[in-house]
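What follows is the content of model-v2.cif, which has mmCIF, C-alpha atoms:
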```
data_upload
#
loop_
_atom_site.label_atom_id
_atom_site.label_comp_id
_atom_site.auth_asym_id
_atom_site.auth_seq_id
_atom_site.Cartn_x
_atom_site.Cartn_y
_atom_site.Cartn_z
CA MET A 948 35.25 83.67 148.89
CA SER A 949 32.64 81.33 147.42
CA SER A 950 30.59 79.04 149.65
CA ALA A 951 31.94 76.10 147.60
CA LEU A 952 35.50 77.10 148.46
CA ASP A 953 34.54 77.46 152.12
CA SER A 954 33.16 73.92 151.97
CA LEU A 955 36.36 72.60 150.39
CA LEU A 956 38.53 74.32 152.99
CA ASP A 957 36.40 72.71 155.72
CA LEU A 958 36.97 69.36 154.02
CA LEU A 959 40.75 69.87 154.20
CA ASP A 960 40.64 70.96 157.85
CA LEU A 961 41.02 67.47 159.30
CA GLU A 962 40.02 66.55 162.82
CA GLN A 963 42.98 65.42 164.93
CA ILE A 964 41.92 62.45 167.04
CA GLU A 965 45.37 61.34 168.26
CA ARG A 966 48.94 62.63 168.03
CA ASP A 967 49.44 61.29 164.48
CA ILE A 968 45.90 60.23 163.58
CA PHE A 969 43.43 62.44 161.73
CA ARG A 970 39.91 62.03 160.47
CA GLY A 971 38.30 63.52 157.38
CA THR A 972 34.95 63.48 155.66
CA SER A 973 34.06 63.56 151.96
CA ARG A 974 32.01 65.81 149.74
CA SER A 975 29.59 64.58 147.12
CA ALA A 976 31.42 63.58 143.95
CA VAL A 977 30.40 63.24 140.34
CA VAL A 978 30.92 59.48 140.59
CA PRO A 979 29.83 57.27 143.54
CA ARG A 980 33.28 57.10 145.13
CA VAL A 981 35.66 59.48 146.88
CA PHE A 982 37.42 61.84 144.45
CA GLY A 983 41.09 60.88 144.29
CA GLY A 984 42.30 64.47 144.52
CA GLN A 985 40.42 64.85 147.78
CA VAL A 986 42.02 61.88 149.52
CA ALA A 987 45.48 62.87 148.24
CA ALA A 988 45.06 66.44 149.48
CA GLN A 989 43.74 65.30 152.86
CA ALA A 990 46.62 62.85 153.28
CA LEU A 991 49.08 65.65 152.55
CA VAL A 992 47.33 67.85 155.12
CA ALA A 993 47.75 65.06 157.70
CA ALA A 994 51.44 64.68 156.86
CA GLY A 995 52.05 68.42 156.90
CA ARG A 996 50.52 68.86 160.32
CA THR A 997 53.26 66.70 161.84
CA VAL A 998 56.06 68.75 160.21
CA PRO A 999 57.58 72.08 161.37
CA ALA A 1000 56.00 75.00 159.50
CA GLU A 1001 59.34 76.14 158.07
CA ARG A 1002 59.66 72.85 156.14
CA THR A 1003 57.56 72.88 152.98
CA ALA A 1004 56.45 69.94 150.85
CA HIS A 1005 58.74 69.26 147.90
CA SER A 1006 57.39 65.90 146.69
CA LEU A 1007 54.74 63.25 147.16
CA HIS A 1008 54.30 59.73 145.83
CA SER A 1009 51.02 57.89 146.29
CA TYR A 1010 48.94 54.86 145.34
CA PHE A 1011 45.17 54.54 145.14
CA LEU A 1012 44.39 51.08 146.55
CA ARG A 1013 40.60 50.88 146.79
CA ALA A 1014 37.64 53.05 145.87
CA GLY A 1015 36.68 55.26 148.80
CA ASP A 1016 33.19 55.31 150.29
CA PRO A 1017 31.95 58.94 150.27
CA GLY A 1018 29.45 58.14 153.04
CA ALA A 1019 32.05 57.06 155.60
CA PRO A 1020 34.82 58.98 157.40
CA ILE A 1021 38.44 58.44 156.35
CA VAL A 1022 41.10 57.91 159.03
CA TYR A 1023 44.62 59.09 158.18
CA SER A 1024 47.47 57.54 160.15
CA VAL A 1025 50.86 59.27 159.88
CA ASP A 1026 54.23 57.53 160.36
CA ARG A 1027 57.13 59.85 161.20
CA ILE A 1028 59.70 58.11 159.02
CA ARG A 1029 62.57 60.60 159.31
CA ASP A 1030 63.41 64.03 160.70
CA GLY A 1031 66.78 65.09 159.32
CA ARG A 1032 68.65 68.39 159.29
CA SER A 1033 67.12 69.52 156.01
CA PHE A 1034 64.50 66.94 155.08
CA THR A 1035 61.51 65.40 156.81
CA THR A 1036 59.74 62.28 155.50
CA ARG A 1037 56.23 61.14 156.36
CA ARG A 1038 54.14 58.14 155.34
CA VAL A 1039 50.33 58.30 155.50
CA VAL A 1040 47.81 55.47 155.23
CA ALA A 1041 44.14 56.31 154.64
CA VAL A 1042 41.73 53.71 156.06
CA GLN A 1043 38.01 53.09 155.64
CA HIS A 1044 35.99 50.14 156.96
CA GLY A 1045 39.20 48.64 158.37
CA GLN A 1046 41.02 48.56 155.01
CA PRO A 1047 43.63 50.87 153.48
CA ILE A 1048 42.27 52.78 150.48
CA PHE A 1049 45.28 55.02 149.78
CA HIS A 1050 48.82 55.55 150.90
CA LEU A 1051 51.20 58.45 150.46
CA SER A 1052 54.84 59.24 151.10
CA ALA A 1053 55.74 62.91 151.29
CA SER A 1054 59.01 64.75 151.79
CA PHE A 1055 59.45 68.24 153.23
CA GLN A 1056 62.51 70.49 153.14
CA THR A 1057 63.82 73.66 154.75
CA TYR A 1058 64.46 76.43 152.21
CA GLU A 1059 67.97 76.65 150.77
CA GLU A 1060 69.71 78.34 147.85
CA GLY A 1061 70.90 76.20 144.94
CA LEU A 1062 71.35 75.84 141.19
CA GLU A 1063 68.49 77.22 139.10
CA HIS A 1064 67.06 76.33 135.69
CA GLN A 1065 63.65 75.35 134.33
CA ALA A 1066 61.78 74.34 131.20
CA ASP A 1067 60.17 77.29 129.42
CA MET A 1068 56.45 77.85 129.80
CA PRO A 1069 54.58 76.86 126.61
CA PRO A 1070 52.31 79.32 124.81
CA ALA A 1071 48.78 79.62 126.19
CA PRO A 1072 45.99 82.18 125.88
CA ASP A 1073 45.09 84.59 128.66
CA PRO A 1074 42.83 82.66 131.08
CA GLU A 1075 40.45 85.61 131.33
CA THR A 1076 39.58 85.13 127.64
CA LEU A 1077 38.42 81.52 128.18
CA PRO A 1078 34.95 80.34 129.25
CA THR A 1079 34.30 79.21 132.80
CA ALA A 1080 33.07 75.68 133.52
CA ALA A 1081 29.55 77.01 134.01
CA GLN A 1082 29.70 78.64 130.57
CA MET A 1083 31.42 75.77 128.77
CA LEU A 1084 29.87 72.56 130.12
CA PRO A 1085 26.23 73.14 129.06
CA ARG A 1086 27.42 73.26 125.42
CA TYR A 1087 28.16 69.54 125.63
CA ALA A 1088 25.04 68.40 127.49
CA ASP A 1089 23.94 66.28 124.52
CA ARG A 1090 27.12 64.18 124.79
CA PHE A 1091 26.09 62.64 128.10
CA SER A 1092 23.50 59.91 128.51
CA ASP A 1093 22.77 61.15 132.05
CA PRO A 1094 21.25 64.66 131.88
CA GLY A 1095 22.41 65.38 135.44
CA VAL A 1096 26.12 65.07 134.64
CA VAL A 1097 26.56 68.71 133.63
CA ASP A 1098 25.09 70.02 136.88
CA ARG A 1099 27.18 67.58 138.93
CA LEU A 1100 30.36 68.58 137.10
CA ILE A 1101 29.66 72.27 137.63
CA GLU A 1102 28.95 71.65 141.32
CA ALA A 1103 32.12 69.53 141.74
CA ARG A 1104 34.25 72.34 140.28
CA ALA A 1105 32.51 75.27 141.98
CA ALA A 1106 35.39 75.83 144.42
CA VAL A 1107 37.91 76.08 141.57
CA ASP A 1108 37.80 78.22 138.44
CA LEU A 1109 39.06 75.70 135.87
CA ARG A 1110 39.15 76.78 132.22
CA TYR A 1111 40.02 74.56 129.25
CA VAL A 1112 42.24 76.07 126.57
CA ASP A 1113 40.80 73.70 123.93
CA ALA A 1114 37.71 71.49 123.89
CA PRO A 1115 37.72 68.76 126.58
CA PRO A 1116 37.66 65.07 125.56
CA PHE A 1117 33.86 64.90 125.66
CA GLY A 1118 33.75 67.83 123.26
CA THR A 1119 35.48 66.00 120.40
CA VAL A 1120 34.31 62.39 120.75
CA GLY A 1121 35.38 60.27 117.78
CA GLU A 1122 38.08 62.73 116.72
CA PRO A 1123 41.56 61.62 117.84
CA ARG A 1124 43.82 64.56 118.63
CA GLU A 1125 47.35 65.19 119.78
CA PRO A 1126 47.61 63.70 123.30
CA ARG A 1127 48.06 67.08 124.95
CA SER A 1128 45.75 69.44 126.83
CA GLN A 1129 45.96 72.64 128.82
CA VAL A 1130 43.79 74.14 131.52
CA TRP A 1131 44.15 77.25 133.64
CA PHE A 1132 42.97 77.04 137.25
CA ARG A 1133 42.77 78.99 140.49
CA THR A 1134 40.54 78.83 143.53
CA ASN A 1135 37.30 80.83 143.50
CA GLY A 1136 38.48 83.13 146.27
CA LYS A 1137 41.57 84.14 148.22
CA LEU A 1138 43.37 81.68 150.48
CA ALA A 1139 45.31 82.22 153.68
CA ASP A 1140 49.08 82.69 153.45
CA ASP A 1141 49.84 79.09 154.41
CA PRO A 1142 52.17 77.31 151.94
CA LEU A 1143 50.81 73.88 152.94
CA LEU A 1144 47.27 74.97 152.06
CA HIS A 1145 48.31 76.09 148.56
CA VAL A 1146 50.22 72.86 147.95
CA CYS A 1147 47.25 70.77 149.13
CA MET A 1148 44.85 72.74 146.96
CA ALA A 1149 47.03 72.18 143.88
CA THR A 1150 47.17 68.48 144.78
CA TYR A 1151 43.37 68.41 144.89
CA VAL A 1152 43.01 69.99 141.43
CA SER A 1153 45.82 67.96 139.85
CA ASP A 1154 43.66 64.82 139.75
CA MET A 1155 40.81 66.47 137.81
CA THR A 1156 42.12 66.50 134.23
CA LEU A 1157 45.51 64.77 133.98
CA LEU A 1158 44.30 61.69 132.14
CA ASP A 1159 42.38 63.78 129.58
CA SER A 1160 45.33 63.56 127.21
CA VAL A 1161 45.08 59.76 127.14
CA LEU A 1162 41.47 60.08 125.99
CA LEU A 1163 42.27 62.73 123.38
CA ALA A 1164 44.75 60.44 121.61
CA HIS A 1165 41.95 57.95 120.93
CA GLY A 1166 38.97 60.26 120.44
CA ARG A 1167 37.35 59.01 123.64
CA GLY A 1168 35.01 61.19 125.66
CA GLY A 1169 35.53 59.68 129.11
CA TRP A 1170 33.51 57.98 131.84
CA ALA A 1171 30.65 60.51 131.61
CA VAL A 1172 30.20 59.70 127.93
CA GLY A 1173 30.51 55.99 128.67
CA ASP A 1174 33.15 55.05 126.11
CA VAL A 1175 35.83 54.30 128.75
CA VAL A 1176 35.96 53.24 132.37
CA GLY A 1177 38.86 54.14 134.59
CA ALA A 1178 40.38 55.21 137.88
CA SER A 1179 43.62 56.68 139.16
CA LEU A 1180 46.30 54.15 140.10
CA ASP A 1181 49.18 56.28 141.34
CA HIS A 1182 50.08 59.95 141.54
CA ALA A 1183 53.37 61.77 142.04
CA MET A 1184 54.13 65.47 142.37
CA TRP A 1185 57.27 67.58 142.78
CA PHE A 1186 56.91 71.12 144.09
CA HIS A 1187 59.74 73.18 142.64
CA ARG A 1188 58.98 76.80 143.48
CA PRO A 1189 56.55 78.75 145.67
CA PHE A 1190 53.15 79.50 144.16
CA ARG A 1191 49.65 80.52 145.16
CA ALA A 1192 46.68 78.33 144.25
CA ASP A 1193 44.41 81.40 144.34
CA GLU A 1194 46.33 82.91 141.40
CA TRP A 1195 46.21 81.57 137.84
CA LEU A 1196 48.22 78.40 137.20
CA LEU A 1197 48.68 76.78 133.78
CA TYR A 1198 48.34 72.98 133.83
CA ASP A 1199 50.14 71.76 130.69
CA GLN A 1200 49.41 68.03 130.27
CA GLU A 1201 50.37 65.27 127.86
CA SER A 1202 50.25 61.48 127.57
CA PRO A 1203 53.40 59.71 126.32
CA SER A 1204 51.91 56.20 126.49
CA ALA A 1205 48.85 54.01 126.89
CA SER A 1206 49.02 50.21 127.02
CA GLY A 1207 47.82 47.21 129.00
CA GLY A 1208 44.58 48.92 130.04
CA ARG A 1209 46.55 51.80 131.59
CA GLY A 1210 47.30 55.34 130.48
CA LEU A 1211 50.11 57.65 131.63
CA GLY A 1212 49.73 61.40 132.03
CA GLN A 1213 52.52 63.83 132.78
CA ALA A 1214 52.30 67.56 133.28
CA ARG A 1215 53.95 70.79 134.33
CA ILE A 1216 52.20 73.53 136.25
CA TYR A 1217 53.37 77.12 135.70
CA THR A 1218 52.55 80.39 137.40
CA GLN A 1219 51.10 83.04 135.12
CA ASP A 1220 54.44 84.85 135.00
CA GLY A 1221 56.18 81.71 133.68
CA ARG A 1222 57.78 80.06 136.72
CA LEU A 1223 57.71 76.25 136.74
CA ALA A 1224 55.98 75.46 140.05
CA ILE A 1225 55.07 71.75 139.92
CA THR A 1226 55.67 68.57 137.93
CA VAL A 1227 52.97 65.87 138.02
CA ILE A 1228 52.88 62.26 136.78
CA GLN A 1229 49.91 59.92 137.07
CA GLU A 1230 48.97 56.50 135.75
CA GLY A 1231 45.39 55.35 135.61
CA VAL A 1232 43.23 52.47 134.49
CA VAL A 1233 41.72 53.37 131.09
CA ARG A 1234 39.63 50.54 129.68
CA VAL A 1235 37.22 50.33 126.78
CA PRO A 1236 33.96 48.74 127.99
CA ARG A 1237 33.24 45.33 126.57
CA GLY A 1238 30.13 45.24 124.46
#
```
Re-express the file's structure as structure tokens.
Amino acid sequence: MSSALDSLLDLLDLEQIERDIFRGTSRSAVVPRVFGGQVAAQALVAAGRTVPAERTAHSLHSYFLRAGDPGAPIVYSVDRIRDGRSFTTRRVVAVQHGQPIFHLSASFQTYEEGLEHQADMPPAPDPETLPTAAQMLPRYADRFSDPGVVDRLIEARAAVDLRYVDAPPFGTVGEPREPRSQVWFRTNGKLADDPLLHVCMATYVSDMTLLDSVLLAHGRGGWAVGDVVGASLDHAMWFHRPFRADEWLLYDQESPSASGGRGLGQARIYTQDGRLAITVIQEGVVRVPRG
């Protein structure tokens, strides 16, 4: 296991300070605010720790309310909304400096048999044939006005092996493309056999690249290039089938719409053997800077 993954696992191991109150810290991010995937994953950890282990997360719905301060702890307060025969519902509010920065609703379910069908997995190359972030990112160093961006991006993704199928948005600035992108990802090391941990890790990664497809449609490179500014607004996930975040997962992403200074991304995450594991939808602010 990499030291970066150890650090991320420590970040997700929240301190319990009351029956339904937890406290987390933040890691350094590429931008001077808390990474959205981190706060979403930590909130799901807090919710999951108040739920019986045999009930696994099947969905989450969340809103990003304020930018988080990476230098201050985050307090997660859990409301036990409902404990039914099959389903458990939790609401989590993340607070910093006395103000809510994020809230999440999550639902958990006991396993049961039912009808089965799924969308087919799209074609994608073998992840082992694709370059790692450390191999790929330095190729685009000249696209960034800040020479430290490449190193910060590599450091931010050191816990996760994330590989682009095609060039990322900052690799094709000024060249509009189909609003669709694919990445393969897995953690850089094995994880414990805890379903909540794998779900939380996928939640963490899901916020890294989902809005890329919005940028691709307009030939924009992203915040690091400086041709857009943006932030996540809301994030929803449905967990359909068991999966492991330490095994390859294909993140197939597209953007059906952008308007009003917002862009929508939607995606499906498949296991390498073709099972549909997760559906993700996110809307974010995507604005062109005024000259």
Which residue gives the smallest distance to A:Arg1209 among A:Pro1072, A:Gly1177, A:Gly1136, A:Pro1189, with all atoms listed in the file counted?
A:Gly1177
With a distance cut-off of 9 Å and only C-alpha atoms, select the neighbouring residues of stretch 962-976 of chain A, excluding the residue or stretch itself and same-chain residues fewer than 2 positions from it, and output the selection as an MDAnalysis selection string.
chainID A and resid 954:955 958:960 978:982 985:986 989 993:994 996:997 1016:1027 1099:1100 1102:1103
Taking the file as shown, find all residues satisfying the PyMOL selection byres ((chain A and resi 1029) around 12) and write them as a PyMOL selection string.
chain A and resi 997-998+1025-1028+1030-1038+1052-1056
Next, dump the selected residues to file, keeping only C-alpha atoms, as a tab-separated table (two decimals), in the coordinates of the input.
```tsv
chain	number	residue	atom	x	y	z
A	997	THR	CA	53.26	66.70	161.84
A	998	VAL	CA	56.06	68.75	160.21
A	1025	VAL	CA	50.86	59.27	159.88
A	1026	ASP	CA	54.23	57.53	160.36
A	1027	ARG	CA	57.13	59.85	161.20
A	1028	ILE	CA	59.70	58.11	159.02
A	1030	ASP	CA	63.41	64.03	160.70
A	1031	GLY	CA	66.78	65.09	159.32
A	1032	ARG	CA	68.65	68.39	159.29
A	1033	SER	CA	67.12	69.52	156.01
A	1034	PHE	CA	64.50	66.94	155.08
A	1035	THR	CA	61.51	65.40	156.81
A	1036	THR	CA	59.74	62.28	155.50
A	1037	ARG	CA	56.23	61.14	156.36
A	1038	ARG	CA	54.14	58.14	155.34
A	1052	SER	CA	54.84	59.24	151.10
A	1053	ALA	CA	55.74	62.91	151.29
A	1054	SER	CA	59.01	64.75	151.79
A	1055	PHE	CA	59.45	68.24	153.23
A	1056	GLN	CA	62.51	70.49	153.14
```
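Nearest to A:Tyr1217 of all the residues A:Arg1013, A:Arg1188, A:Arg1086, A:Arg1234 is A:Arg1188, counting all atoms listed in the file.
Counting all atoms listed in the file, the residue from A:Asp1093, A:Glu1063, A:Val992, A:Leu1158 that sits nearest to A:Ala1004 is A:Val992.
The residues returned by the PyMOL selection byres ((chain A and resi 1120) around 7) for this structure are Pro1116, Phe1117, Gly1118, Thr1119, Gly1121, Glu1122, Gly1166, Arg1167 and Gly1168 of chain A.
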Atom pair atom CA of A:Pro1203 + atom CA of A:Thr1218, distance 23.5 Å
Which of A:His1165, A:Arg1127, A:His1145, A:Arg1110 sits closest to A:Leu1077 [using all atoms listed in the file]:
A:Arg1110
With all atoms listed in the file as the atoms that count, which of A:Ser1006, A:Leu991, A:Ala1088, A:Ala1106 lies nearest to A:Asp957?
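Ranking A:Ser1006, A:Leu991, A:Ala1088, A:Ala1106 by distance to A:Asp957, first place goes to A:Ala1106.
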